[in-house]
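Undergrad: Dropping in run.txt, which is compact mmCIF, C-alpha atoms:
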# COMPACT_ATOMS: atom_id res chain seq x y z
CA MET L 9 80.97 32.99 25.78
CA ALA L 10 82.33 31.32 28.80
CA LYS L 11 84.67 34.22 29.31
CA PHE L 12 81.87 36.75 29.65
CA SER L 13 79.75 34.85 32.06
CA LYS L 14 82.75 34.23 34.24
CA LYS L 15 83.51 37.93 34.61
CA ARG L 16 79.94 38.88 35.38
CA GLY L 17 79.81 36.34 38.12
CA LYS L 18 82.87 37.70 39.85
CA SER L 19 82.05 41.46 39.98
CA SER L 20 80.19 42.78 43.00
CA PRO L 21 76.75 44.12 42.09
CA ALA L 22 76.35 46.98 44.64
CA ILE L 23 77.49 50.50 43.77
CA SER L 24 78.85 52.34 46.74
CA THR L 25 76.54 55.17 47.82
CA ALA L 26 79.02 56.62 50.29
CA SER L 27 79.71 59.66 48.10
CA LEU L 28 76.03 60.39 47.51
CA PRO L 29 75.73 62.75 50.50
CA ASP L 30 78.74 64.69 49.23
CA ILE L 31 77.14 65.20 45.85
CA ILE L 32 73.86 66.24 47.41
CA PHE L 33 75.66 68.63 49.74
CA MET L 34 77.40 70.20 46.79
CA LEU L 35 74.06 70.84 45.11
CA LEU L 36 72.67 72.06 48.40
CA PHE L 37 75.41 74.62 48.82
CA PHE L 38 74.95 75.80 45.26
CA PHE L 39 71.28 76.45 45.81
CA MET L 40 71.91 78.05 49.19
CA MET L 41 74.27 80.47 47.49
CA VAL L 42 71.92 81.52 44.73
CA THR L 43 68.79 81.61 46.84
CA VAL L 44 67.09 84.86 47.64
CA LEU L 45 64.26 84.27 50.01
CA ARG L 46 61.14 85.87 48.68
CA ASP L 47 60.72 88.92 50.84
CA SER L 48 57.42 90.35 49.77
CA ASP L 49 54.18 88.74 48.87
CA LEU L 50 52.87 90.22 45.64
CA LYS L 51 49.32 91.48 45.85
CA LEU L 52 49.28 92.83 42.32
CA GLN L 53 49.28 91.22 38.94
CA VAL L 54 52.57 92.22 37.36
CA ASN L 55 53.65 90.98 33.96
CA THR L 56 56.61 93.09 32.96
CA PRO L 57 56.92 93.81 29.23
CA GLU L 58 59.79 92.66 27.06
CA ALA L 59 62.70 94.71 25.79
CA THR L 60 66.14 94.25 24.27
CA GLN L 61 68.45 96.94 25.68
CA LEU L 62 68.70 95.43 29.13
CA THR L 63 71.12 96.03 31.95
CA LYS L 64 71.61 93.61 34.78
CA LEU L 65 71.19 94.93 38.29
CA ASP L 66 74.06 93.47 40.24
CA GLU L 67 73.88 94.41 43.89
CA LYS L 68 70.52 93.32 45.22
CA SER L 69 70.81 95.19 48.50
CA LEU L 70 71.02 98.51 46.66
CA VAL L 71 67.73 97.98 44.87
CA ASN L 72 64.28 98.82 46.09
CA TYR L 73 61.24 97.56 44.27
CA ILE L 74 58.12 99.45 43.35
CA TYR L 75 55.35 97.36 41.88
CA ILE L 76 52.53 98.80 39.82
CA GLY L 77 49.64 96.75 38.54
CA ARG L 78 46.06 95.74 39.07
CA PRO L 79 45.25 93.85 42.27
CA THR L 80 44.99 90.09 41.89
CA GLN L 81 41.64 88.34 42.13
CA GLN L 82 41.77 87.73 45.87
CA TYR L 83 42.55 91.35 46.70
CA GLN L 84 40.09 92.96 44.32
CA ALA L 85 37.38 93.07 46.97
CA VAL L 86 39.61 95.20 49.19
CA TYR L 87 41.60 97.30 46.72
CA GLY L 88 39.37 97.43 43.65
CA THR L 89 40.46 96.74 40.11
CA SER L 90 42.21 99.94 39.10
CA PRO L 91 46.04 99.99 39.01
CA ARG L 92 47.71 100.35 42.41
CA ILE L 93 51.22 100.70 43.80
CA GLN L 94 52.82 98.16 46.09
CA LEU L 95 55.80 99.09 48.25
CA GLY L 96 57.35 96.29 50.24
CA ASP L 97 54.39 94.09 51.07
CA LYS L 98 51.61 96.61 51.31
CA ILE L 99 49.47 98.49 48.85
CA SER L 100 50.33 102.17 49.05
CA THR L 101 49.84 105.49 47.36
CA VAL L 102 52.41 107.77 45.73
CA ASP L 103 52.65 109.78 48.95
CA ASP L 104 54.16 106.79 50.76
CA ILE L 105 57.12 106.62 48.37
CA PRO L 106 59.45 109.12 50.11
CA LEU L 107 59.13 107.28 53.42
CA PHE L 108 59.65 103.94 51.71
CA LEU L 109 62.83 105.21 50.04
CA GLU L 110 64.08 106.64 53.31
CA GLN L 111 63.48 103.38 55.16
CA HIS L 112 65.53 101.54 52.57
CA LYS L 113 68.24 104.16 52.59
CA VAL L 114 68.96 104.17 56.32
CA LYS L 115 69.80 100.47 56.24
CA LEU L 116 72.73 101.08 53.90
CA PRO L 117 76.16 102.52 54.61
CA GLU L 118 76.50 106.13 53.57
CA ALA L 119 79.08 105.47 50.87
CA LYS L 120 76.70 103.24 48.96
CA ARG L 121 73.65 105.45 49.13
CA SER L 122 74.32 107.24 45.88
CA ARG L 123 74.11 103.96 44.04
CA ILE L 124 70.60 103.05 45.11
CA THR L 125 68.40 102.05 42.22
CA SER L 126 64.63 101.90 42.19
CA SER L 127 63.37 99.04 40.14
CA LEU L 128 59.94 99.71 38.69
CA ARG L 129 58.12 96.50 38.09
CA VAL L 130 55.15 97.61 36.10
CA ASP L 131 52.51 95.54 34.40
CA GLY L 132 52.48 96.05 30.63
CA GLU L 133 48.74 96.76 30.53
CA VAL L 134 48.86 99.64 32.99
CA THR L 135 48.51 103.11 31.52
CA MET L 136 51.26 105.70 31.91
CA GLY L 137 49.31 108.00 34.23
CA ILE L 138 50.16 106.17 37.44
CA VAL L 139 53.70 105.45 36.25
CA GLN L 140 54.17 109.14 35.56
CA ASP L 141 52.99 110.03 39.07
CA VAL L 142 55.53 107.61 40.53
CA LYS L 143 58.30 109.01 38.34
CA THR L 144 57.47 112.55 39.40
CA LYS L 145 57.50 111.54 43.05
CA LEU L 146 60.86 109.81 42.62
CA ARG L 147 62.30 112.89 41.00
CA LYS L 148 61.00 115.03 43.83
CA SER L 149 62.54 112.63 46.36
CA ASN L 150 65.83 112.87 44.48
CA GLN L 151 65.87 109.17 43.62
CA LEU L 152 66.98 109.49 40.03
CA LYS L 153 68.43 106.09 39.19
CA ILE L 154 65.57 103.92 38.10
CA ASN L 155 65.24 100.71 36.24
CA TYR L 156 62.25 99.66 34.18
CA SER L 157 62.21 95.97 34.89
CA ALA L 158 61.71 93.94 31.72
CA GLY L 159 62.25 90.52 30.28
CA GLN L 160 64.39 89.63 27.29
CA ARG L 161 62.56 89.91 24.00
CA THR L 162 63.37 87.23 21.48
CA GLN L 163 61.21 87.97 18.45
CA ALA L 164 61.48 91.07 16.32
CA LEU L 165 59.10 94.00 16.43
CA ASP L 166 56.60 94.52 13.63
CA MET P 3 87.70 42.56 80.60
CA ALA P 4 84.08 42.10 79.91
CA LYS P 5 83.86 45.82 79.28
CA THR P 6 86.41 45.79 76.49
CA LYS P 7 84.61 42.89 75.06
CA THR P 8 81.37 44.87 74.64
CA ARG P 9 83.29 47.80 73.20
CA ASP P 10 84.84 45.54 70.67
CA ARG P 11 81.48 44.22 69.74
CA MET P 12 80.03 47.70 69.31
CA ASN P 13 80.16 49.21 65.91
CA ASN P 14 82.11 52.44 66.44
CA GLU P 15 80.93 54.18 63.24
CA ILE P 16 77.79 56.23 63.14
CA ASN P 17 75.54 55.16 60.36
CA ALA P 18 75.78 57.83 57.68
CA GLY P 19 73.12 56.34 55.52
CA SER P 20 70.50 58.89 56.50
CA MET P 21 72.84 61.79 55.76
CA ALA P 22 71.75 61.80 52.15
CA ASP P 23 68.11 62.01 53.22
CA ILE P 24 68.76 65.03 55.41
CA ALA P 25 70.73 66.69 52.66
CA PHE P 26 67.94 65.93 50.20
CA LEU P 27 65.41 67.52 52.49
CA LEU P 28 67.44 70.72 52.72
CA LEU P 29 68.13 70.65 49.00
CA ILE P 30 64.45 70.43 48.17
CA PHE P 31 63.67 73.27 50.55
CA PHE P 32 66.16 75.55 48.84
CA LEU P 33 65.09 74.42 45.40
CA VAL P 34 61.54 75.45 46.18
CA THR P 35 62.40 78.82 47.68
CA THR P 36 64.96 79.76 45.03
CA THR P 37 64.22 82.45 42.51
CA ILE P 38 67.21 82.45 40.22
CA ALA P 39 65.49 84.91 37.89
CA GLU P 40 67.77 87.92 38.11
CA ASP P 41 66.49 91.42 37.74
CA LYS P 42 67.10 92.95 34.36
CA GLY P 43 65.72 96.09 32.91
CA ILE P 44 66.25 99.37 31.16
CA LEU P 45 68.35 101.63 33.34
CA VAL P 46 67.28 105.26 33.21
CA LYS P 47 68.60 108.37 34.86
CA LEU P 48 65.81 110.81 35.57
CA PRO P 49 66.45 114.54 35.46
CA PRO P 50 66.37 116.26 38.85
CA TRP P 51 63.10 117.91 39.78
CA SER P 52 62.87 121.63 39.47
CA ASP P 53 59.84 123.76 40.16
CA GLU P 54 60.60 126.26 37.46
CA GLU P 55 59.25 125.78 34.02
CA PRO P 56 61.92 124.37 31.74
CA ASP P 57 63.65 127.10 29.89
CA ILE P 58 62.60 126.90 26.28
CA THR P 59 65.76 127.71 24.45
CA LYS P 60 65.35 128.12 20.77
CA LEU P 61 66.20 124.82 19.18
CA LYS P 62 66.50 124.45 15.49
CA GLU P 63 63.71 122.28 14.22
CA ARG P 64 66.10 120.07 12.30
CA ASN P 65 67.87 119.07 15.50
CA VAL P 66 64.78 117.79 17.28
CA PHE P 67 63.44 114.30 16.70
CA SER P 68 60.03 114.42 18.27
CA VAL P 69 58.20 111.23 19.15
CA LEU P 70 54.63 111.45 20.36
CA VAL P 71 52.60 108.52 21.61
CA ASN P 72 48.88 108.98 22.09
CA ALA P 73 46.37 107.17 24.27
CA GLN P 74 45.59 104.76 21.43
CA ASN P 75 49.29 103.75 21.41
CA GLN P 76 49.84 105.34 18.00
CA LEU P 77 53.10 107.02 17.15
CA LEU P 78 53.71 110.37 15.59
CA VAL P 79 57.34 110.84 14.61
CA ARG P 80 58.24 114.29 13.32
CA ASP P 81 54.56 114.97 12.61
CA GLU P 82 54.04 111.80 10.63
CA PRO P 83 52.51 108.52 11.78
CA ALA P 84 55.10 105.77 12.23
CA ARG P 85 55.50 102.22 13.49
CA ILE P 86 57.66 101.18 16.44
CA GLY P 87 59.60 98.78 14.24
CA GLU P 88 61.05 101.54 12.06
CA LEU P 89 61.81 103.87 14.95
CA ARG P 90 65.32 102.65 15.65
CA GLU P 91 66.59 103.00 12.09
CA ARG P 92 65.02 106.42 11.71
CA ALA P 93 66.52 107.64 14.97
CA LYS P 94 69.96 106.38 13.98
CA GLU P 95 69.74 108.08 10.60
CA PHE P 96 68.56 111.28 12.26
CA ILE P 97 71.38 111.36 14.81
CA MET P 98 74.27 110.58 12.49
CA ASN P 99 72.83 112.15 9.31
CA PRO P 100 75.31 110.30 7.08
CA THR P 101 74.09 111.88 3.86
CA ARG P 102 74.11 115.44 5.26
CA ARG P 103 70.43 116.00 4.64
CA PRO P 104 69.27 119.47 5.58
CA ASP P 105 66.25 118.24 7.52
CA LEU P 106 68.14 115.91 9.89
CA ALA P 107 70.42 116.75 12.83
CA GLU P 108 73.47 118.92 12.23
CA GLY P 109 75.57 116.31 14.01
CA PRO P 110 75.29 113.80 16.81
CA ARG P 111 76.21 116.43 19.38
CA ASN P 112 73.30 118.63 18.39
CA ALA P 113 70.68 115.90 18.08
CA ILE P 114 67.90 115.86 20.63
CA ILE P 115 65.27 113.21 20.92
CA SER P 116 62.08 114.41 22.49
CA LEU P 117 59.60 111.85 23.77
CA LYS P 118 56.12 112.73 24.84
CA ASN P 119 53.36 110.38 25.80
CA ASP P 120 49.81 110.58 27.08
CA ARG P 121 48.68 109.50 30.50
CA GLY P 122 46.55 106.93 28.73
CA THR P 123 49.43 105.33 26.81
CA ASP P 124 50.04 101.70 27.68
CA TYR P 125 53.21 101.16 29.65
CA GLU P 126 54.12 98.36 27.28
CA THR P 127 54.06 100.71 24.29
CA TYR P 128 55.95 103.40 26.15
CA LEU P 129 58.67 100.96 27.13
CA ALA P 130 58.90 99.57 23.60
CA VAL P 131 59.39 103.10 22.25
CA TYR P 132 61.92 103.95 24.95
CA ASN P 133 63.72 100.69 24.25
CA GLU P 134 64.02 101.50 20.55
CA LEU P 135 65.35 105.00 21.19
CA LYS P 136 67.88 103.70 23.69
CA GLY P 137 68.69 100.91 21.25
CA ALA P 138 69.47 103.46 18.55
CA TYR P 139 72.11 105.05 20.80
CA ASP P 140 73.46 101.67 21.91
CA ASP P 141 73.84 100.65 18.27
CA LEU P 142 75.61 103.88 17.38
CA TRP P 143 77.99 103.55 20.32
CA ASN P 144 78.73 100.01 19.25
CA GLU P 145 79.49 101.01 15.68
CA GLU P 146 81.67 103.90 16.82
CA SER P 147 83.51 101.69 19.28
CA LEU P 148 84.17 99.02 16.66
CA LYS P 149 85.46 101.65 14.28
CA ARG P 150 87.77 103.27 16.83
CA TYR P 151 88.91 100.48 19.11
CA GLY P 152 87.90 97.35 17.25
CA GLU P 153 85.69 96.03 20.03
CA PRO P 154 82.01 96.43 20.81
CA TYR P 155 80.92 99.02 23.34
CA SER P 156 80.65 97.53 26.82
CA GLU P 157 80.93 98.46 30.46
CA GLU P 158 84.26 96.61 30.65
CA MET P 159 85.94 99.08 28.33
CA PRO P 160 88.32 101.63 29.86
CA PHE P 161 86.45 104.63 31.20
CA ALA P 162 88.30 107.08 28.96
CA GLN P 163 87.29 105.23 25.83
CA ARG P 164 83.67 105.07 26.89
CA LYS P 165 83.69 108.73 27.73
CA ALA P 166 85.22 109.66 24.39
CA ILE P 167 82.43 107.89 22.57
CA ARG P 168 79.71 109.28 24.78
CA ASP P 169 81.06 112.77 24.37
CA ASP P 170 80.88 112.51 20.61
CA ILE P 171 77.46 110.87 20.58
CA PRO P 172 75.78 112.07 23.74
CA MET P 173 72.45 110.52 24.58
CA VAL P 174 69.98 113.34 24.84
CA LEU P 175 66.53 111.95 25.41
CA SER P 176 64.21 114.47 26.90
CA GLU P 177 60.83 113.47 28.17
CA ALA P 178 58.14 116.10 28.21
CA GLU P 179 55.36 116.23 30.75
CA PRO P 180 52.66 113.92 29.35
CA THR P 181 49.40 115.10 27.96
CA ASN P 182 46.18 114.05 29.61
CA PHE P 183 43.55 113.03 27.12
CA GLY P 184 42.91 109.38 27.55
CA GLU P 185 43.54 108.22 31.09
CA GLU P 186 41.30 105.33 32.08
CA ASN P 187 41.28 103.27 35.19
Once more with this new file: its structure as structure tokens, please.
TA:
Amino acid sequence: MAKFSKKRGKSSPAISTASLPDIIFMLLFFFMMVTVLRDSDLKLQVNTPEATQLTKLDEKSLVNYIYIGRPTQQYQAVYGTSPRIQLGDKISTVDDIPLFLEQHKVKLPEAKRSRITSSLRVDGEVTMGIVQDVKTKLRKSNQLKINYSAGQRTQALD
Amino acid sequence: MAKTKTRDRMNNEINAGSMADIAFLLLIFFLVTTTIAEDKGILVKLPPWSDEEPDITKLKERNVFSVLVNAQNQLLVRDEPARIGELRERAKEFIMNPTRRPDLAEGPRNAIISLKNDRGTDYETYLAVYNELKGAYDDLWNEESLKRYGEPYSEEMPFAQRKAIRDDIPMVLSEAEPTNFGEEN
């Protein structure tokens, strides 16, 4: 017994916190790397459906996003309740899509332009009519690579 | 001499104790603004737009696997009602036709899947159907790849191997212009 108490008395109680900033900085750099600052404020309610055959979109700069859904509560007074399209941060119509695609395209080097993908983030409750109009417009604008954004489904279908 | 004395007395090190606080502040900022959720989805290549009516070449009825989805989200597969859950297995059987049935596709190269929906179909249902049809092809490619090369089909495989499989089982999924019976807004 005497042995134990002796040891405890000798050891210094304070843990050095000198390396704490280093650890925090490491975490900081990790999060700085993975961060994508939210670029557009979503005015629509978009809950993408779930699927299993998913592909990951790797290069974020080559992707443009088209949102389709019903306006959220605070925008219903302005935009109504029927499904709308959002390009960038404003509510648009199908006729604005070619310009939107062009604006995204000119920012990229020419060699990469053929790899541009349009990611359609569509609410599951929306009917296909508006989605079809967008698809037709994309085909007419010669933007043929599209991605139906979806989450990973875990349970089986009925 | 007095000068050196004061310098000696001064503590030359900057106090780094608040460094952690600053780092924490930045860390919390980035934690809050981070969206790690990566974008995943079903990648689709649309056919180019053409103003002419699609040329209706005579296709043998046995080679076409027609899937219709109406505005009530009900499925009609080859003129019979069906459930989404059975779609994948039926599509796979249709494409490969392992038992050489006369009413299924002549071979995977001849098989065509035709998908038609209504403007009133829910996007969720449409995507589930599309997912199953794509899944049928993905499964077949996987099986073929395992049989030939002993590894599952993936993007990391050599291009020639992928092409060989996709030439033998080409994915032909044609989407017809939707009907317009049940659009609501």
Undergrad: For chain L, which residues have at least one atom within 8 Å of chain P, if we go by only C-alpha atoms? Write them as a VMD selection string, please.
TA: chain L and resid 26 28 to 29 32 to 33 35 to 36 39 to 40 42 to 46 57 to 65 90 to 91 130 to 140 144 147 to 148 150 152 to 159 165 to 166
Undergrad: Just the number, please: distance in Å from atom CA of L:Gln53 to atom CA of L:Thr162, one decimal.
TA: 22.8 Å
Undergrad: To one decimal in Å, tell me the separation between atom CA of P:Leu70 and atom CA of P:Arg90.
TA: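 That distance, rounded to one decimal, is 14.6 Å.
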Undergrad: One number please: atom CA of L:Leu146 to atom CA of L:Leu116, in Å, one decimal.
TA: 18.6 Å
Undergrad: Could you pull the residues within 9 Å of L:Tyr73, counting all atoms listed in the file, minus those fewer than 5 positions along the same chain, as a list in words?
TA: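 That gives Gln94, Leu95, Gly96, Thr125, Ser126, Ser127, Leu128 and Arg129 of chain L.
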Undergrad: Taking only C-alpha atoms into account, which of P:Asp81, P:Glu177, P:Glu95, P:Glu145 comes nearest P:Ala113?
TA: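 Of all the options, P:Glu95 lies closest to P:Ala113.
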Undergrad: Using only C-alpha atoms, which of the listed residues (P:Arg164, P:Lys94, P:Lys60, P:Arg80) sits closest to P:Leu148?
TA: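 Selected residue with least distance to P:Leu148: P:Arg164.
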Undergrad: Counting only C-alpha atoms, which of P:Ile114, P:Ala166, P:Met173, P:Ala107 gets nearest to P:Tyr139?
TA: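 Selected residue with least distance to P:Tyr139: P:Met173.
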